[in-house]
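Have a look at the structure below, then the notes.
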Amino acid sequence: MKVSYSWLSKLVDLSSTTPEQLADKFTFAGAEVEGISFLASGTNLTIGHILSCDAHPDSDHLHILQVDEGQYGVHQIVCGAPNARKGLKVIVAREGAKLPGGEIKPATIRGVASDGMCCSLLELGVDPKSLSDYQKSGIEELPVDAPIGTDDVLGYLGLNDAIIDLDLLPNRPDLYAINNVAREAACLLDKKVNIASPKDLPHVKEEFVVGSKTSKCPLFSARVYRNVKNGPSPKWLKDILLAEGLRSIDKIVDIGNYVMLLTGQPLNMYDLDKLEKKELIVRDDLQGEFLAMDGNSYNLVPGDLVVTSNGKVACLAGIMTADGAKIDENTRNIVVEAAYFDYASIRHTSNRIGLSSDSSSRFCKGINPHQSEYVQEVVAELLGSLCEVKESSATYAYDTLDHSPKLIKTSLRYLNGRLGTSFSEEEILSVLARDNMKLLEDENGNYTFQIPSFRIDMDGEADLSEEVIRILGYSNVVSKLPYSELALTGLTESQQKERDIKKFLLSSGISEVLTYTLVSKKDDEEFKILNKDEPYALLNPMSEDREVVRTNLMHSLLESLSYNVNHQNADVLFFESSDIDSPSYKGRHLAVALTGLVKEQGRLSAHAADFYDVKGLLEGIMDILGLGYNRIQVVPWSLGGEELHPGRSAEIVMGKKLLGYLGELHPLALKKYGLNNAAVMELDLSALLAMKVSPVKASIPAKFPYVTRDLAFLVNKEVTFEAIAKELKKADKLITSVEVFDIYTGKGIVPGKKSMAIKLTLLDETKTLTDAETEAAMKKAILTLATKFGAEIRG
Amino acid sequence: MLDLIELAGLTSKKAKEELSLLNDQTGLDAFYAKYLSKKGEIRMLLSHMKEVVAEKKKEAGEAVNKAMGEVSAAYEQKRAKLETEKLAKRLEEEKIDITLPGRKLTTGRINPYYQIIDEVTDIFLEMGYEVVEGRDVETDHFNFELLNVPKDHPSRDMQDTFYISDELLLRTQTSAAQAHTMCERSANPRPIRMICPGKAYRRDDDDMTHSHQFAQIEGLVVDKNISIANLKATLELFVKKMFGEKREIRLRSSYFPFTEPSVEVDVSCFKCGGKGCATCKDTGWIEILGAGMVNPKVLQSCGYDPKQWSGFAFGVGVERVAMLRYGVDDIRRFYTNDTRFLKDYSGK
């Protein structure tokens, strides 16, 4: 809301303040000031009279002017404006003048001395939107009676106004009315507001009917005026509209806009003689084409609020008048409407057809429904004084609203308690009185206040507490920490474990990243492995790229990898954990994706990220979760697809439940994401975190020494280490651990075979092992290797 | 007949000469065997004692002992010298280029977004708050209705929402989790101190300062007799811990549907200390938090009787704090994850 400081100063005494100070007060009291602007600016300005105008000898468009600047003497000015001519009165920026574009200094222009500048309004910083093309093309032409040599050019032009731009929040729609801004200013400055009661015109009898056939219009009032003399508005009215950023049209339209700005009540004006019948009836059951006064047609559907006359739409309620009912230069008799329409209905229609106006935006924000008669009287007075209207009809009103004042009960104790303050009764009552809250009852500190009708936001005593403190200021609140009973809080076990997992991944060299939840439908099809649900699709996406809520994480992470690889960051190790929501799935996933090198000592010791990197991370995570391979199995990939390398990937399962996967990307997927290598893992973290873990028991070191023996053998390539280890542990109870320390294929090894070297640890918890016992166990081990796996022992 | 005394002197002299020419362990070992071992030349001199006349025996014995002592000492000296040289040589040989990269697993780097979330979370954990994250997909009921934003409320203009269906949406604020917590506990209302860090979504076009996805941390305290003074003290504590001991706050009246009164909280600029700089746009203050007293209607609809209970709530934008603190120029950087942007952001 733009507030003209000069208009405001007519309604409240601003002599003790400045625009900046007032802006600060507004801001701290809840109406944030976005900025203060000036309609125009410039120092060292005066008005001059062009005594002579000669062509510049060295230019085809410059003029040499002799300008009489009254008390400042006659100066020679070189001017390029096409409309510069002898006899014209112009704005002169004298030597040292500071204009929005810079400072004016004496100069020599193509060999001719120039002392000052003749100005256009553009050069004084006036908004081009409020200027005609002619004004923009040359210097400003002032009236013949303009005072030569004056120091108050901006004042003379009506451009010395400051505009305070209020960025209003939804709780203060009342401040879209200058009347109420003045009340607010008066309250904050502790001054009296000067809002005069309107002088109504004498009433005359008319035949007119108003009505509403829908609850969405509970109030509709109208007056009829005859013999309205339209024409250009007077300067004071034009100046106010200009300051408020509106164009002056003609008296009738300008009065409507002025009253809307003053009172916050949108008005609608009809040409009485264009109405089908002397009636205006609000309905919401019509449909069809509607030709608005902006010249465009809009399609109406049942539910749209319309004002009709004899069944014909005269106005799209609260939004725009029909072309067929609008005021024009021939209008003599008018109907003035002040109504209250349901804001939701106005908003729906306005949004649906894509048409809004100052009027509709005020209805959408909420207006005061209790002032229609006051507003009608203000209009009557202005029509009387500006348009020579002598009489008004009475107000025809359809009104089902309850206009009884709103009452709120509160107490001194409540107000101070909620604020944590110790204001005296006197302080609180005086500040609420300034705020137009009328004290009706006071029984030992229990108050009943009558709320002013324009404060439609107020509906409880909490609101009163806000009024007190926003006006007195939050600096009056003395900080005091809350007192509370001790309670067990902190992170839950799952939250703590997730934090530990993140720390582990970070200390393992993996960086934590953040990607968007919304993805395209197509992208959501990628790596749809853990959660196969259909994604939630947005009803109102902003683009195809962000239309569904992702069901898995891997694609987003791989896109981050691609982005980096395309930006010369080749070695990228990323993880992310994020909630996953879909219609039948609520979980949390953790995904890891590695590409390029895993560096242990820069490039001196580095290897391409592979399966075993992510498997190592999985093992670390399982340790943190307290889960072992007895609970969770890592089994060969069986799910097919072109996303994971079938021979270098694994499923993480518990029984039949898939808890995650890990592996290297399929060559086709690598190609798709533009990567050379990638090892990835995605876990259903919520499922893993939810798994019950048995209590931790201490492991007691064995009392007796263990024995180790190495075995090397040839075995078929497909035989897994895990299978061997499992069988060997079954072969003899002395074998407690099997570790692999070498795998070799290639030169000297039969194709299809591999050489494997393992270290067995043998231990008897009850006594020291004898050589004979060790040898017996080793024989069983060798036999097992030979019979179960066809192994050829090499040593 | 050979003079044993003279012989001892000659042997000693010869041995020392030989020793001086030696420069390795093998030679030294051979030398030891030749002169100093049980069968070495010096001890062997004693085998000639019986040939020495009685009156000269004592003198001869002393001469042999003297030779033994001299050669042993020289040998020890030489041995020590060779050992020192060998060690020096080994050390020289083992010299490495200490400028090569260290062997380590580089620590993963983080997005500053997580740094802010973790820091804020830790501060409130220390103050005895619990952490409730809530879900991204929410119902209209929890995201709006319970928080005093009924359908068609003008303030819904402020938060243009991603809808999934009439009832389901992407949450526009993490306060939805607060409504859940209050409702869950309403059967047996007890004090609440919680924060909800998490993602939220609004239909904003992505540009340098706007993002359709962003993170918030919202806090809620519900208890008996909670006041603005409690809110102010809590936020002061938070701000000092987060932005430095010298930071101050000031409150400006504002509006949020779920609080009444509502305030915007400015923090004295942590870049310039309040003198005025580019970060605070020369005002000395930075708008960081929104806060207020929980609207009684919200308490009521979530099952806490506003006649008995009161509370305060606050919210802070994660990316905004990160952008101000670390000088991040574009909010989209948080979501692009360029590895050059990720680093250890734990320093203040």
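Residue numbering restarts at 1 in every chain; chains get A, B, ... in the order shown in the structure tokens, and ligands count up from 1 in that same order.
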
Return as a Markdown table the residues of chain B lying at most 7 Å from chain A, together with the closest atom-to-atom pair for each and the distance in Å to one decimal, counting only C-alpha atoms, with rows in chain order and ascending residue number.
| residue | atom | partner | partner_atom | distance |
| --- | --- | --- | --- | --- |
| B:Pro101 | CA | A:Gln601 | CA | 5.8 |
| B:Gly102 | CA | A:Gln601 | CA | 5.7 |
| B:Arg103 | CA | A:Gln601 | CA | 4.2 |
| B:Lys104 | CA | A:Glu600 | CA | 5.3 |
| B:Leu105 | CA | A:Glu600 | CA | 5.5 |
| B:Thr106 | CA | A:Gly509 | CA | 4.9 |
| B:Thr107 | CA | A:Gly509 | CA | 4.2 |
| B:Gly108 | CA | A:Gly509 | CA | 3.9 |
| B:Arg109 | CA | A:Ser511 | CA | 4.4 |
| B:Ile110 | CA | A:Glu512 | CA | 4.8 |
| B:Asn111 | CA | A:Val513 | CA | 5.7 |
| B:Leu125 | CA | A:Gly490 | CA | 5.6 |
| B:Gly128 | CA | A:Thr489 | CA | 5.8 |
| B:Tyr129 | CA | A:Thr489 | CA | 6.1 |
| B:Glu130 | CA | A:Gly490 | CA | 5.2 |
| B:Val131 | CA | A:Leu491 | CA | 6.4 |
| B:Val137 | CA | A:Asp581 | CA | 6.6 |
| B:Asp152 | CA | A:Ala344 | CA | 5.5 |
| B:Pro154 | CA | A:Lys365 | CA | 5.8 |
| B:Ser155 | CA | A:Pro170 | CA | 5.6 |
| B:Phe162 | CA | A:Asn540 | CA | 6.2 |
| B:Tyr163 | CA | A:Leu539 | CA | 5.5 |
| B:Ile164 | CA | A:Leu538 | CA | 4.5 |
| B:Ser165 | CA | A:Leu539 | CA | 6.6 |
| B:Gln213 | CA | A:Tyr516 | CA | 6.9 |
| B:Ile226 | CA | A:Pro482 | CA | 6.8 |
| B:Ser227 | CA | A:Arg418 | CA | 4.7 |
| B:Ile228 | CA | A:Leu419 | CA | 4.7 |
| B:Ala229 | CA | A:Ser479 | CA | 4.6 |
| B:Asn230 | CA | A:Leu481 | CA | 4.8 |
| B:Lys232 | CA | A:Ser479 | CA | 5.4 |
| B:Ala233 | CA | A:Ser479 | CA | 4.4 |
| B:Thr234 | CA | A:Leu481 | CA | 6.0 |
| B:Leu251 | CA | A:Tyr474 | CA | 5.8 |
| B:Arg252 | CA | A:Phe28 | CA | 4.6 |
| B:Ser253 | CA | A:Gly30 | CA | 4.2 |
| B:Ser254 | CA | A:Gly30 | CA | 4.7 |
| B:Tyr255 | CA | A:Leu169 | CA | 6.3 |
| B:Glu260 | CA | A:Ala462 | CA | 6.0 |
| B:Pro261 | CA | A:Glu466 | CA | 4.7 |
| B:Phe334 | CA | A:Leu514 | CA | 6.7 |
| B:Tyr335 | CA | A:Thr515 | CA | 5.1 |
| B:Thr336 | CA | A:Ser560 | CA | 6.8 |
| B:Asn337 | CA | A:Val513 | CA | 6.0 |
| B:Asp338 | CA | A:Asn564 | CA | 5.8 |
| B:Thr339 | CA | A:Asn564 | CA | 6.9 |

### Query
Near stretch 120-124 of chain A, counting only C-alpha atoms, which residues have an atom at most 12 Å away, once you skip same-chain residues fewer than 2 positions from it, shown as number ranges by chain?
A: 38-45, 79-84, 90-93, 97-104, 117-118, 126-142, 153-154, 157-160

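Summary of the local environment: counting only C-alpha atoms, residues at most 6 Å from A:Gly795, other than itself and those fewer than 2 positions away along its chain, are Leu711, Ala712 and Ile793 of chain A.
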
Saved selection, atoms kept: N, CA, C and O atoms, as a PDB file, in the first residue's frame:
ATOM      1  N   LEU A 711      46.832 -72.243   3.919  1.00  0.00           N
ATOM      2  CA  LEU A 711      46.552 -73.241   2.881  1.00  0.00           C
ATOM      3  C   LEU A 711      46.423 -72.517   1.547  1.00  0.00           C
ATOM      4  O   LEU A 711      45.801 -71.453   1.485  1.00  0.00           O
ATOM      5  N   ALA A 712      47.043 -73.086   0.528  1.00  0.00           N
ATOM      6  CA  ALA A 712      46.849 -72.515  -0.804  1.00  0.00           C
ATOM      7  C   ALA A 712      46.299 -73.612  -1.692  1.00  0.00           C
ATOM      8  O   ALA A 712      46.709 -74.774  -1.561  1.00  0.00           O
ATOM      9  N   ILE A 793      45.061 -78.888  -3.570  1.00  0.00           N
ATOM     10  CA  ILE A 793      45.926 -78.207  -2.601  1.00  0.00           C
ATOM     11  C   ILE A 793      47.304 -77.983  -3.219  1.00  0.00           C
ATOM     12  O   ILE A 793      47.872 -78.868  -3.855  1.00  0.00           O
TER      13      ILE A 793
END

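Residues within 9 Å of A:Ala394, counting only C-alpha atoms and excluding same-chain residues fewer than 4 positions away, are A:Pro202, A:His203, A:Val204, A:Lys205, A:Glu206, A:Ala222, A:Arg223, A:Val224.
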
Save out the residues we just selected, all heavy atoms, as an mmCIF file, in the first residue's frame.
data_model
loop_
_atom_site.group_PDB
_atom_site.id
_atom_site.type_symbol
_atom_site.label_atom_id
_atom_site.label_comp_id
_atom_site.auth_asym_id
_atom_site.auth_seq_id
_atom_site.Cartn_x
_atom_site.Cartn_y
_atom_site.Cartn_z
ATOM 1 N N PRO A 202 -28.808 16.315 0.343
ATOM 2 C CA PRO A 202 -30.218 16.074 0.662
ATOM 3 C C PRO A 202 -30.725 14.862 -0.129
ATOM 4 O O PRO A 202 -30.295 14.644 -1.267
ATOM 5 C CB PRO A 202 -30.916 17.347 0.166
ATOM 6 C CG PRO A 202 -29.853 18.298 -0.225
ATOM 7 C CD PRO A 202 -28.553 17.593 -0.307
ATOM 8 N N HIS A 203 -31.594 14.080 0.503
ATOM 9 C CA HIS A 203 -32.094 12.876 -0.167
ATOM 10 C C HIS A 203 -33.353 13.159 -0.957
ATOM 11 O O HIS A 203 -34.159 13.991 -0.573
ATOM 12 C CB HIS A 203 -32.355 11.778 0.874
ATOM 13 C CG HIS A 203 -31.084 11.217 1.440
ATOM 14 N ND1 HIS A 203 -31.048 10.116 2.228
ATOM 15 C CD2 HIS A 203 -29.804 11.637 1.325
ATOM 16 C CE1 HIS A 203 -29.794 9.871 2.585
ATOM 17 N NE2 HIS A 203 -29.030 10.796 2.049
ATOM 18 N N VAL A 204 -33.464 12.440 -2.042
ATOM 19 C CA VAL A 204 -34.644 12.612 -2.881
ATOM 20 C C VAL A 204 -35.187 11.220 -3.197
ATOM 21 O O VAL A 204 -34.450 10.248 -3.181
ATOM 22 C CB VAL A 204 -34.265 13.386 -4.171
ATOM 23 C CG1 VAL A 204 -33.265 12.611 -4.998
ATOM 24 C CG2 VAL A 204 -35.496 13.722 -4.992
ATOM 25 N N LYS A 205 -36.502 11.148 -3.476
ATOM 26 C CA LYS A 205 -37.086 9.827 -3.687
ATOM 27 C C LYS A 205 -36.764 9.283 -5.079
ATOM 28 O O LYS A 205 -36.810 10.004 -6.068
ATOM 29 C CB LYS A 205 -38.607 9.923 -3.510
ATOM 30 C CG LYS A 205 -39.239 8.595 -3.180
ATOM 31 C CD LYS A 205 -40.709 8.782 -2.806
ATOM 32 C CE LYS A 205 -41.522 7.491 -2.899
ATOM 33 N NZ LYS A 205 -40.923 6.327 -2.287
ATOM 34 N N GLU A 206 -36.364 8.017 -5.132
ATOM 35 C CA GLU A 206 -36.069 7.333 -6.396
ATOM 36 C C GLU A 206 -36.736 5.969 -6.347
ATOM 37 O O GLU A 206 -37.093 5.489 -5.275
ATOM 38 C CB GLU A 206 -34.556 7.113 -6.516
ATOM 39 C CG GLU A 206 -33.775 8.318 -6.970
ATOM 40 C CD GLU A 206 -33.856 8.542 -8.468
ATOM 41 O OE1 GLU A 206 -34.377 7.673 -9.192
ATOM 42 O OE2 GLU A 206 -33.389 9.611 -8.916
ATOM 43 N N ALA A 222 -26.644 0.702 -2.523
ATOM 44 C CA ALA A 222 -26.508 1.508 -3.737
ATOM 45 C C ALA A 222 -27.231 2.838 -3.545
ATOM 46 O O ALA A 222 -28.197 2.939 -2.784
ATOM 47 C CB ALA A 222 -27.095 0.755 -4.928
ATOM 48 N N ARG A 223 -26.693 3.857 -4.229
ATOM 49 C CA ARG A 223 -27.383 5.149 -4.278
ATOM 50 C C ARG A 223 -27.469 5.595 -5.730
ATOM 51 O O ARG A 223 -26.596 5.268 -6.536
ATOM 52 C CB ARG A 223 -26.610 6.200 -3.496
ATOM 53 C CG ARG A 223 -26.812 6.114 -1.992
ATOM 54 C CD ARG A 223 -26.318 7.422 -1.384
ATOM 55 N NE ARG A 223 -26.361 7.393 0.053
ATOM 56 C CZ ARG A 223 -26.238 8.501 0.781
ATOM 57 N NH1 ARG A 223 -26.035 9.686 0.199
ATOM 58 N NH2 ARG A 223 -26.283 8.430 2.107
ATOM 59 N N VAL A 224 -28.462 6.354 -6.011
ATOM 60 C CA VAL A 224 -28.670 6.858 -7.367
ATOM 61 C C VAL A 224 -28.454 8.372 -7.355
ATOM 62 O O VAL A 224 -28.903 9.058 -6.437
ATOM 63 C CB VAL A 224 -30.105 6.525 -7.841
ATOM 64 C CG1 VAL A 224 -30.380 7.175 -9.197
ATOM 65 C CG2 VAL A 224 -30.314 5.014 -7.891
#

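Nearest to A:Lys726 of all the residues A:Val335, A:Cys387, A:Ile700, A:Ala781 is A:Ala781, counting only C-alpha atoms.
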
### Task
Report the distance between atom CA of A:Phe208 and atom CA of A:Leu280 in Å, rounded to one decimal place.
8.2 Å

### Message
When DSSP is applied to the backbone of this structure, which of stretch 299-540 of chain A are assigned helix (DSSP H, G or I)? Write them out as JSON, numbers by chain.
### Response
{"A": [323, 324, 325, 343, 344, 345, 346, 347, 348, 349, 350, 351, 352, 353, 358, 359, 360, 361, 362, 363, 364, 365, 372, 373, 374, 375, 376, 377, 378, 379, 380, 381, 382, 383, 384, 385, 386, 412, 413, 414, 415, 416, 417, 418, 419, 425, 426, 427, 428, 429, 430, 431, 432, 433, 434, 461, 462, 463, 464, 465, 466, 467, 468, 469, 470, 471, 472, 474, 475, 476, 493, 494, 495, 496, 497, 498, 499, 500, 501, 502, 503, 504, 505, 506, 507, 523, 524, 525]}

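Those residues in stretch 485-559 of chain A carrying a DSSP assignment of strand (DSSP E), computed from the backbone, are Ser511, Glu512, Leu518, Val519, Val548 and Val549 of chain A.
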
### Message
Just want the 8 Å neighbourhood of stretch 290-303 of chain B, counted on only C-alpha atoms, with same-chain residues fewer than 5 positions away dropped. Output as a ChimeraX atom specification.
### Response
/A:462 /B:146-148,179,182-183,186-187,189,227-228,231,257-265,309-316
